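First up is the structure itself, then whatever we jot down about it.
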Amino acid sequence: MSPAPPNALAMAPTPLALRRIHPALRTGRTLAPRQAPADSSRASRVRPLDELLAGGLEPGGLIEIVGRRSSGRFSILLQTLVAFTRRGETTALVDLGDGLDPRAAADAGIDLSRLLWARPEHLKSALIATELLLNAGFPLVALDLGSPPVPGGRGPEASWIRLARTARQRQGILLVSSPYRASGTTAQVVVESSKTGARWQGTGRAPRLLSAVCTRLQLVKALGRAPVASLPFTWRSRAPGR
Amino acid sequence: MSHRIACLRVPLFPLAARLRSEPELAGEALVLLAGNGSAARVSAASRRARRAGIRRGMSLAQARALLPKVAVRGRDAACESAAQQSLLEIAEIFSPRVENAGRGVVYLDLAGLERHWPRDHELGSALIQAAERARMAARAGIAGSKLAAHIAAEQADSPTVVPAGEEAGFLAPLPLTRLLAEAHVLDRLARWGIRSIGQFAELPKDEIASRFGEAGQGLHRQARGIDPHPLVPHRPAATFDEGMTLEWPLTTLEPFLFVARAALDRMCERMARHGLACLRLETSLRLEPEGTHERSVVLPAPTRDVKTLLTLVKLDVEAHPPGAAVAGFTLRGHPDRPRAAQLTLFGPTALSPDRLATTLARLFSLLGPERAGAPRRGTDHRPEDFRLEPFAPPPPPDVREPEPEGYGLLAVRTLRPPIPLEVLVDPRPRRVATPVTEATRGRPRIDGTVRVASGPWALEEGWWNERPVDREYWDVELSDGGIYRIYRDRRSESWFADGMYD
């Protein structure tokens, strides 16, 4: 019997490693650990989101941010637009909720000259406009469905499948902000944002100021990746100089 | 080197122009009629119709007797005008000096083209091929004068090149009718025994001048292969027109779109030949029995995408129907240079300007021009105020710029228009509810007890104009979990929500 090589024990799969590999084999997923996107410029500048997405928004995917009122999902959208426009990318916002305030967006840091703002009135035209923009080669298309009731409900499943396929073919990023899961099974990544609290400055009879909204981001779905623990994030409010 | 002229000529031009507009008729037995009613006569017939015995000058009944299934069309000025323009544009590809001789004939000044086209025959072949690509069967002739070039372009084995200095010999055997049409002059020359151009050219120049004046002197120069007048350059048209008279009046949109698509195809092909794209599209519909319906569509950026242009025409006609049957149409494209952009190797990816223009046009047709564009700050301080400008993104930086340090700034989702509220005040807002009215139908419902209220902050402006704003703002966190920006309109004592922290 030949002697075992000195690193044989290190090479042998441990039961823990086998347990990790086994479900991956069953689901047909790759065994290679998922790498962060090589292009670090895809970062959204929302730190917990980038951590959850292993480095940033991956091109060619449909990423859905779900959240109830005041959960910070519109802030995520705008912050991502800030990051992309500041890097010189041309972006588009399909704003079904008609919620963009250009003044506030400019103050937040969005380069408005690189943002195409489409304001559809119905979900159907919003989905068509989104597909048009992805096909035009926009590297980031943000679709905001606004607050409920969304005019048009969830829309047909086939439309979401088309959008996901177009994003994949064009290697564009489709970032969907929705009050509920609208894209069904087609989203590559679903992140749920929830409000955990609000911070107000001042007590008693003194005038109070909204200083921050605390949220928690949780990776609900990620193809080829196990959901990880949620991460907190605090959105700071501007001084109330309107 | 001697002066050279090329002639590009389309035989049976009215027929060729019609076939250019209706290519599906190619190979069919087709006759074109000139005149109205029973006085209409065949002015041109396709080869298949001619094989059946149909000749120019026959009545429709005579033509139908020979070939019952012959397709019949009237002469169409719009088709012929567009075909002539297209022929001129083809010639302009080869030479900067082009003369419009009308009815399917153009002359090209070949001075200075020797380096590009050292052999005249190759140039002639290239002209013919370019015309064929534009769906017109043309012939070409090259000579030292317009008359010689025109007659050379009538020869069967096209292109025909008349060698330099041999123009007089080429014209000599031709009858005098090819030179002039005035019957009294022809009679006079015939009495002298002059019947060919060559015989006329041999007459003494001074004698011709004394007997026929300046006009005769010019004809004599033409007979000797010399142009009496220089080539008259054609000024390129500022617009690209395509249109046709329809076989029968149309009352529905779909058949119109079918023929309009073919016209737009031809128009965009012509624009592409010049490196231009359509910035404004005018539609002129000739109505039955009389009248016209004019519409104009302005595009956000120049485009040559036929699908986009057709969609815009469709939406415009749907929105503004002509109100009567359409007997003919003209589409007029106002061209502009397409947007150009220098792409970068190391910076962010730039969008293709052409594709962006097409996308914007389709977006406009989908949403309307007032619902897409580049957002801009409004003119006053109302949060719901904004402006939209045409979207023309600057070129991306050559290299990726380092990102500025970011911070998570809470955004406000604007509720546009503001949602009417019922607010219980004591003296701060205590409870907020959305009334069930027509104004709040389909809008987010805001309902709950106020946990925290912050305010008030005043917003007062516009007191000097007709839209005064006098508001008292509050930030409120409700029991439903939402944080809203609400205000009391101090002029109407009404409450509204105009934003939600999200």
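In the structure tokens, chains take the letters A, B, ... in the order shown, each chain's residues start at 1, and ligands count up from 1 in the order shown.
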
Residue list for chain A near chain B as a PDB file with N, CA and C atoms, in the first residue's frame, 8 Å, only C-alpha atoms:
ATOM      1  N   ARG A  45     -24.300  51.637  -4.806  1.00  0.00           N
ATOM      2  CA  ARG A  45     -23.962  52.582  -3.750  1.00  0.00           C
ATOM      3  C   ARG A  45     -24.896  52.470  -2.556  1.00  0.00           C
ATOM      4  N   VAL A  46     -25.764  51.487  -2.547  1.00  0.00           N
ATOM      5  CA  VAL A  46     -26.521  51.160  -1.338  1.00  0.00           C
ATOM      6  C   VAL A  46     -25.787  49.949  -0.754  1.00  0.00           C
ATOM      7  N   ARG A  69     -45.085  50.721   2.128  1.00  0.00           N
ATOM      8  CA  ARG A  69     -44.910  52.173   2.195  1.00  0.00           C
ATOM      9  C   ARG A  69     -43.761  52.543   3.132  1.00  0.00           C
ATOM     10  N   SER A  70     -43.020  53.536   2.713  1.00  0.00           N
ATOM     11  CA  SER A  70     -41.908  54.077   3.505  1.00  0.00           C
ATOM     12  C   SER A  70     -40.873  53.020   3.854  1.00  0.00           C
ATOM     13  N   SER A  71     -40.735  52.040   2.983  1.00  0.00           N
ATOM     14  CA  SER A  71     -39.748  50.990   3.230  1.00  0.00           C
ATOM     15  C   SER A  71     -38.402  51.331   2.612  1.00  0.00           C
ATOM     16  N   GLY A  72     -38.309  52.414   1.867  1.00  0.00           N
ATOM     17  CA  GLY A  72     -37.040  52.842   1.299  1.00  0.00           C
ATOM     18  C   GLY A  72     -36.774  52.315  -0.105  1.00  0.00           C
ATOM     19  N   ARG A  73     -37.760  51.681  -0.738  1.00  0.00           N
ATOM     20  CA  ARG A  73     -37.471  51.108  -2.059  1.00  0.00           C
ATOM     21  C   ARG A  73     -37.322  52.197  -3.115  1.00  0.00           C
ATOM     22  N   PHE A  74     -38.045  53.302  -2.987  1.00  0.00           N
ATOM     23  CA  PHE A  74     -37.869  54.403  -3.949  1.00  0.00           C
ATOM     24  C   PHE A  74     -36.499  55.055  -3.751  1.00  0.00           C
ATOM     25  N   SER A  75     -36.054  55.089  -2.497  1.00  0.00           N
ATOM     26  CA  SER A  75     -34.718  55.636  -2.223  1.00  0.00           C
ATOM     27  C   SER A  75     -33.642  54.755  -2.843  1.00  0.00           C
ATOM     28  N   LEU A  78     -33.532  55.617  -6.540  1.00  0.00           N
ATOM     29  CA  LEU A  78     -32.880  56.888  -6.834  1.00  0.00           C
ATOM     30  C   LEU A  78     -31.381  56.816  -6.556  1.00  0.00           C
ATOM     31  N   GLN A  79     -31.028  56.115  -5.474  1.00  0.00           N
ATOM     32  CA  GLN A  79     -29.600  56.010  -5.147  1.00  0.00           C
ATOM     33  C   GLN A  79     -28.852  55.257  -6.247  1.00  0.00           C
ATOM     34  N   ALA A  83     -25.795  56.611  -8.647  1.00  0.00           N
ATOM     35  CA  ALA A  83     -24.522  55.925  -8.881  1.00  0.00           C
ATOM     36  C   ALA A  83     -24.236  55.790 -10.371  1.00  0.00           C
ATOM     37  N   ARG A  86     -23.755  59.258 -12.243  1.00  0.00           N
ATOM     38  CA  ARG A  86     -22.490  59.883 -11.853  1.00  0.00           C
ATOM     39  C   ARG A  86     -21.305  59.202 -12.530  1.00  0.00           C
ATOM     40  N   ARG A  87     -21.493  57.952 -12.900  1.00  0.00           N
ATOM     41  CA  ARG A  87     -20.415  57.246 -13.601  1.00  0.00           C
ATOM     42  C   ARG A  87     -20.477  57.505 -15.103  1.00  0.00           C
ATOM     43  N   GLY A  88     -21.426  58.305 -15.528  1.00  0.00           N
ATOM     44  CA  GLY A  88     -21.510  58.637 -16.953  1.00  0.00           C
ATOM     45  C   GLY A  88     -22.398  57.709 -17.742  1.00  0.00           C
ATOM     46  N   GLU A  89     -23.132  56.833 -17.059  1.00  0.00           N
ATOM     47  CA  GLU A  89     -24.029  55.917 -17.773  1.00  0.00           C
ATOM     48  C   GLU A  89     -25.340  56.622 -18.089  1.00  0.00           C
ATOM     49  N   THR A  90     -25.936  56.245 -19.193  1.00  0.00           N
ATOM     50  CA  THR A  90     -27.253  56.767 -19.552  1.00  0.00           C
ATOM     51  C   THR A  90     -28.299  55.828 -18.971  1.00  0.00           C
ATOM     52  N   ASP A  98     -45.403  58.077 -11.152  1.00  0.00           N
ATOM     53  CA  ASP A  98     -45.181  59.508 -11.391  1.00  0.00           C
ATOM     54  C   ASP A  98     -44.660  60.168 -10.121  1.00  0.00           C
ATOM     55  N   GLY A  99     -43.737  59.494  -9.446  1.00  0.00           N
ATOM     56  CA  GLY A  99     -43.307  59.959  -8.131  1.00  0.00           C
ATOM     57  C   GLY A  99     -42.004  60.732  -8.115  1.00  0.00           C
ATOM     58  N   LEU A 100     -41.370  60.912  -9.276  1.00  0.00           N
ATOM     59  CA  LEU A 100     -40.065  61.583  -9.267  1.00  0.00           C
ATOM     60  C   LEU A 100     -40.250  63.088  -9.111  1.00  0.00           C
ATOM     61  N   ASP A 101     -39.487  63.649  -8.205  1.00  0.00           N
ATOM     62  CA  ASP A 101     -39.419  65.101  -8.068  1.00  0.00           C
ATOM     63  C   ASP A 101     -38.050  65.514  -8.617  1.00  0.00           C
ATOM     64  N   PRO A 102     -37.991  66.098  -9.815  1.00  0.00           N
ATOM     65  CA  PRO A 102     -36.692  66.406 -10.413  1.00  0.00           C
ATOM     66  C   PRO A 102     -35.799  67.262  -9.526  1.00  0.00           C
ATOM     67  N   ARG A 103     -36.430  68.158  -8.761  1.00  0.00           N
ATOM     68  CA  ARG A 103     -35.617  69.011  -7.889  1.00  0.00           C
ATOM     69  C   ARG A 103     -34.917  68.166  -6.821  1.00  0.00           C
ATOM     70  N   ALA A 104     -35.695  67.278  -6.186  1.00  0.00           N
ATOM     71  CA  ALA A 104     -35.111  66.428  -5.153  1.00  0.00           C
ATOM     72  C   ALA A 104     -34.111  65.445  -5.762  1.00  0.00           C
ATOM     73  N   ALA A 108     -30.301  65.068  -4.795  1.00  0.00           N
ATOM     74  CA  ALA A 108     -29.756  63.789  -4.322  1.00  0.00           C
ATOM     75  C   ALA A 108     -28.499  63.406  -5.078  1.00  0.00           C
ATOM     76  N   LEU A 112     -29.302  64.736 -14.143  1.00  0.00           N
ATOM     77  CA  LEU A 112     -30.579  64.665 -14.860  1.00  0.00           C
ATOM     78  C   LEU A 112     -30.400  64.610 -16.376  1.00  0.00           C
ATOM     79  N   SER A 113     -29.259  65.080 -16.867  1.00  0.00           N
ATOM     80  CA  SER A 113     -29.067  65.052 -18.325  1.00  0.00           C
ATOM     81  C   SER A 113     -28.864  63.625 -18.817  1.00  0.00           C
ATOM     82  N   ARG A 114     -28.540  62.715 -17.911  1.00  0.00           N
ATOM     83  CA  ARG A 114     -28.333  61.318 -18.319  1.00  0.00           C
ATOM     84  C   ARG A 114     -29.506  60.438 -17.920  1.00  0.00           C
ATOM     85  N   LEU A 115     -30.594  61.065 -17.537  1.00  0.00           N
ATOM     86  CA  LEU A 115     -31.760  60.287 -17.107  1.00  0.00           C
ATOM     87  C   LEU A 115     -32.925  60.561 -18.054  1.00  0.00           C
ATOM     88  N   LEU A 116     -33.440  59.496 -18.640  1.00  0.00           N
ATOM     89  CA  LEU A 116     -34.658  59.603 -19.445  1.00  0.00           C
ATOM     90  C   LEU A 116     -35.825  59.221 -18.552  1.00  0.00           C
ATOM     91  N   TRP A 117     -36.757  60.134 -18.430  1.00  0.00           N
ATOM     92  CA  TRP A 117     -37.899  59.933 -17.530  1.00  0.00           C
ATOM     93  C   TRP A 117     -39.131  59.639 -18.372  1.00  0.00           C
ATOM     94  N   ALA A 118     -39.670  58.453 -18.231  1.00  0.00           N
ATOM     95  CA  ALA A 118     -40.908  58.081 -18.939  1.00  0.00           C
ATOM     96  C   ALA A 118     -42.010  57.958 -17.908  1.00  0.00           C
ATOM     97  N   ARG A 119     -43.163  58.570 -18.201  1.00  0.00           N
ATOM     98  CA  ARG A 119     -44.254  58.623 -17.224  1.00  0.00           C
ATOM     99  C   ARG A 119     -45.504  57.959 -17.794  1.00  0.00           C
ATOM    100  N   PRO A 120     -45.505  56.641 -17.876  1.00  0.00           N
ATOM    101  CA  PRO A 120     -46.701  55.970 -18.408  1.00  0.00           C
ATOM    102  C   PRO A 120     -47.863  56.083 -17.435  1.00  0.00           C
ATOM    103  N   SER A 125     -48.524  50.033 -20.777  1.00  0.00           N
ATOM    104  CA  SER A 125     -47.606  50.915 -21.512  1.00  0.00           C
ATOM    105  C   SER A 125     -46.264  51.020 -20.781  1.00  0.00           C
ATOM    106  N   ALA A 129     -42.818  50.291 -22.644  1.00  0.00           N
ATOM    107  CA  ALA A 129     -41.757  51.304 -22.629  1.00  0.00           C
ATOM    108  C   ALA A 129     -40.465  50.725 -22.066  1.00  0.00           C
ATOM    109  N   LEU A 132     -38.829  48.651 -24.686  1.00  0.00           N
ATOM    110  CA  LEU A 132     -38.227  49.523 -25.702  1.00  0.00           C
ATOM    111  C   LEU A 132     -36.871  50.045 -25.240  1.00  0.00           C
ATOM    112  N   LEU A 133     -36.836  50.481 -23.992  1.00  0.00           N
ATOM    113  CA  LEU A 133     -35.606  51.084 -23.471  1.00  0.00           C
ATOM    114  C   LEU A 133     -34.500  50.044 -23.309  1.00  0.00           C
ATOM    115  N   ALA A 136     -33.101  49.410 -26.597  1.00  0.00           N
ATOM    116  CA  ALA A 136     -32.280  50.515 -27.103  1.00  0.00           C
ATOM    117  C   ALA A 136     -30.856  50.453 -26.559  1.00  0.00           C
ATOM    118  N   GLY A 137     -30.639  49.632 -25.541  1.00  0.00           N
ATOM    119  CA  GLY A 137     -29.294  49.472 -25.024  1.00  0.00           C
ATOM    120  C   GLY A 137     -29.008  50.270 -23.768  1.00  0.00           C
ATOM    121  N   PHE A 138     -30.041  50.769 -23.099  1.00  0.00           N
ATOM    122  CA  PHE A 138     -29.812  51.474 -21.831  1.00  0.00           C
ATOM    123  C   PHE A 138     -29.189  50.484 -20.836  1.00  0.00           C
ATOM    124  N   PRO A 139     -28.074  50.842 -20.232  1.00  0.00           N
ATOM    125  CA  PRO A 139     -27.455  49.894 -19.300  1.00  0.00           C
ATOM    126  C   PRO A 139     -28.270  49.689 -18.022  1.00  0.00           C
ATOM    127  N   SER A 147     -47.184  53.268  -5.726  1.00  0.00           N
ATOM    128  CA  SER A 147     -47.860  52.742  -4.542  1.00  0.00           C
ATOM    129  C   SER A 147     -49.169  52.095  -4.962  1.00  0.00           C
ATOM    130  N   PRO A 148     -49.619  51.117  -4.185  1.00  0.00           N
ATOM    131  CA  PRO A 148     -50.900  50.505  -4.536  1.00  0.00           C
ATOM    132  C   PRO A 148     -52.049  51.503  -4.356  1.00  0.00           C
ATOM    133  N   PRO A 149     -53.082  51.435  -5.166  1.00  0.00           N
ATOM    134  CA  PRO A 149     -53.323  50.426  -6.200  1.00  0.00           C
ATOM    135  C   PRO A 149     -52.553  50.732  -7.484  1.00  0.00           C
ATOM    136  N   PRO A 151     -52.090  50.780 -11.268  1.00  0.00           N
ATOM    137  CA  PRO A 151     -53.031  50.688 -12.393  1.00  0.00           C
ATOM    138  C   PRO A 151     -52.615  49.586 -13.357  1.00  0.00           C
ATOM    139  N   LYS A 195     -39.515  48.653   6.555  1.00  0.00           N
ATOM    140  CA  LYS A 195     -39.192  49.723   7.499  1.00  0.00           C
ATOM    141  C   LYS A 195     -39.183  49.164   8.913  1.00  0.00           C
ATOM    142  N   PRO A 207     -40.353  71.398  18.375  1.00  0.00           N
ATOM    143  CA  PRO A 207     -40.614  70.947  17.008  1.00  0.00           C
ATOM    144  C   PRO A 207     -39.744  69.749  16.678  1.00  0.00           C
ATOM    145  N   ARG A 208     -40.355  68.777  16.082  1.00  0.00           N
ATOM    146  CA  ARG A 208     -39.609  67.559  15.764  1.00  0.00           C
ATOM    147  C   ARG A 208     -39.173  67.583  14.300  1.00  0.00           C
ATOM    148  N   LEU A 209     -38.111  66.841  14.037  1.00  0.00           N
ATOM    149  CA  LEU A 209     -37.598  66.739  12.673  1.00  0.00           C
ATOM    150  C   LEU A 209     -37.384  65.275  12.345  1.00  0.00           C
ATOM    151  N   LEU A 210     -37.808  64.876  11.169  1.00  0.00           N
ATOM    152  CA  LEU A 210     -37.538  63.518  10.713  1.00  0.00           C
ATOM    153  C   LEU A 210     -36.069  63.450  10.336  1.00  0.00           C
ATOM    154  N   ALA A 212     -34.183  60.260  10.148  1.00  0.00           N
ATOM    155  CA  ALA A 212     -33.774  59.043   9.442  1.00  0.00           C
ATOM    156  C   ALA A 212     -34.914  58.036   9.446  1.00  0.00           C
ATOM    157  N   VAL A 213     -34.856  57.151   8.466  1.00  0.00           N
ATOM    158  CA  VAL A 213     -35.775  56.011   8.416  1.00  0.00           C
ATOM    159  C   VAL A 213     -34.913  54.756   8.377  1.00  0.00           C
ATOM    160  N   THR A 234     -29.878  52.562   7.059  1.00  0.00           N
ATOM    161  CA  THR A 234     -30.572  53.755   7.539  1.00  0.00           C
ATOM    162  C   THR A 234     -30.519  54.844   6.479  1.00  0.00           C
ATOM    163  N   TRP A 235     -31.676  55.321   6.123  1.00  0.00           N
ATOM    164  CA  TRP A 235     -31.778  56.418   5.157  1.00  0.00           C
ATOM    165  C   TRP A 235     -31.878  57.725   5.923  1.00  0.00           C
ATOM    166  N   ARG A 236     -30.988  58.638   5.619  1.00  0.00           N
ATOM    167  CA  ARG A 236     -30.987  59.909   6.329  1.00  0.00           C
ATOM    168  C   ARG A 236     -31.878  60.903   5.618  1.00  0.00           C
ATOM    169  N   SER A 237     -32.559  61.674   6.395  1.00  0.00           N
ATOM    170  CA  SER A 237     -33.470  62.658   5.813  1.00  0.00           C
ATOM    171  C   SER A 237     -32.759  63.989   5.649  1.00  0.00           C
ATOM    172  N   ARG A 238     -33.192  64.736   4.642  1.00  0.00           N
ATOM    173  CA  ARG A 238     -32.648  66.080   4.477  1.00  0.00           C
ATOM    174  C   ARG A 238     -33.266  67.002   5.513  1.00  0.00           C
ATOM    175  N   PRO A 240     -35.468  69.971   6.712  1.00  0.00           N
ATOM    176  CA  PRO A 240     -36.762  70.309   6.124  1.00  0.00           C
ATOM    177  C   PRO A 240     -36.784  71.670   5.441  1.00  0.00           C
ATOM    178  N   ARG A 242     -37.704  73.197   2.457  1.00  0.00           N
ATOM    179  CA  ARG A 242     -38.420  72.820   1.244  1.00  0.00           C
ATOM    180  C   ARG A 242     -38.363  73.912   0.209  1.00  0.00           C
TER     181      ARG A 242
END

| request: For B:Cys278, please output as an MDAnalysis selection string all residues within 12 Å (counting only C-alpha atoms; exclusion window: fewer than 5 positions along the same chain). | output: chainID B and resid 238:241 264:265 267:272 297:306 308:309 331:339 354 357:358 361

Check: Could you pull out the strand (DSSP E) residues of stretch 63-237 of chain A from DSSP and send them as a PyMOL selection string?
Finding: chain A and resi 63-67+91-95+115-118+140-144+173-178+189-201+209-222+231-236

Cut-off 10 Å: closest stretch 327-400 of chain B/stretch 74-85 of chain B atom pairs per residue, using only C-alpha atoms, as CSV:
residue,atom,partner,partner_atom,distance
B:Gly328,CA,B:Ala78,CA,9.0
B:Phe329,CA,B:Ala78,CA,8.5
B:Thr330,CA,B:Ala78,CA,7.4

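You will find atom CA of A:Lys221 at 22.7 Å from atom CA of A:Leu134.
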
Write out as a PDB file with C-alpha atoms, in the first residue's frame which residues come within 12 Å of B:Arg119 when counting only C-alpha atoms, dropping same-chain ones fewer than 2 positions away.
ATOM      1  CA  ARG B   4     -17.866  64.955 -70.872  1.00  0.00           C
ATOM      2  CA  LEU B 110     -18.318  64.399 -65.483  1.00  0.00           C
ATOM      3  CA  LEU B 113     -14.409  62.512 -62.112  1.00  0.00           C
ATOM      4  CA  GLU B 114     -11.588  61.042 -64.200  1.00  0.00           C
ATOM      5  CA  ARG B 115      -9.625  59.922 -61.156  1.00  0.00           C
ATOM      6  CA  HIS B 116     -12.581  58.036 -59.698  1.00  0.00           C
ATOM      7  CA  TRP B 117     -13.894  56.725 -63.009  1.00  0.00           C
ATOM      8  CA  HIS B 121     -18.044  52.518 -69.608  1.00  0.00           C
ATOM      9  CA  GLU B 122     -17.576  51.554 -65.949  1.00  0.00           C
ATOM     10  CA  LEU B 123     -19.161  54.814 -64.862  1.00  0.00           C
ATOM     11  CA  GLY B 124     -22.131  54.160 -67.118  1.00  0.00           C
ATOM     12  CA  SER B 125     -22.552  50.658 -65.722  1.00  0.00           C
ATOM     13  CA  ALA B 126     -22.373  52.004 -62.174  1.00  0.00           C
ATOM     14  CA  ILE B 142     -21.776  59.307 -72.217  1.00  0.00           C
ATOM     15  CA  PRO B 159     -24.207  51.989 -71.480  1.00  0.00           C
ATOM     16  CA  VAL B 161     -20.040  55.703 -74.801  1.00  0.00           C
ATOM     17  CA  PRO B 163     -15.575  58.620 -77.783  1.00  0.00           C
TER      18      PRO B 163
END

- Which polymer residues have any atom within 7 Å of an atom of A:Gln171, counting only C-alpha atoms, with same-chain residues fewer than 2 positions away left out, as a list in words? Pro59, Gly60, Ala167, Arg168, Gln169 and Ile173 of chain A

Among stretch 131-265 of chain B, which ones does DSSP assign to alpha helix (DSSP H) (computed from the backbone)? Answer as a PyMOL selection string. chain B and resi 131-133+146-152+167-171+183-191+197-202+205-223+253-265
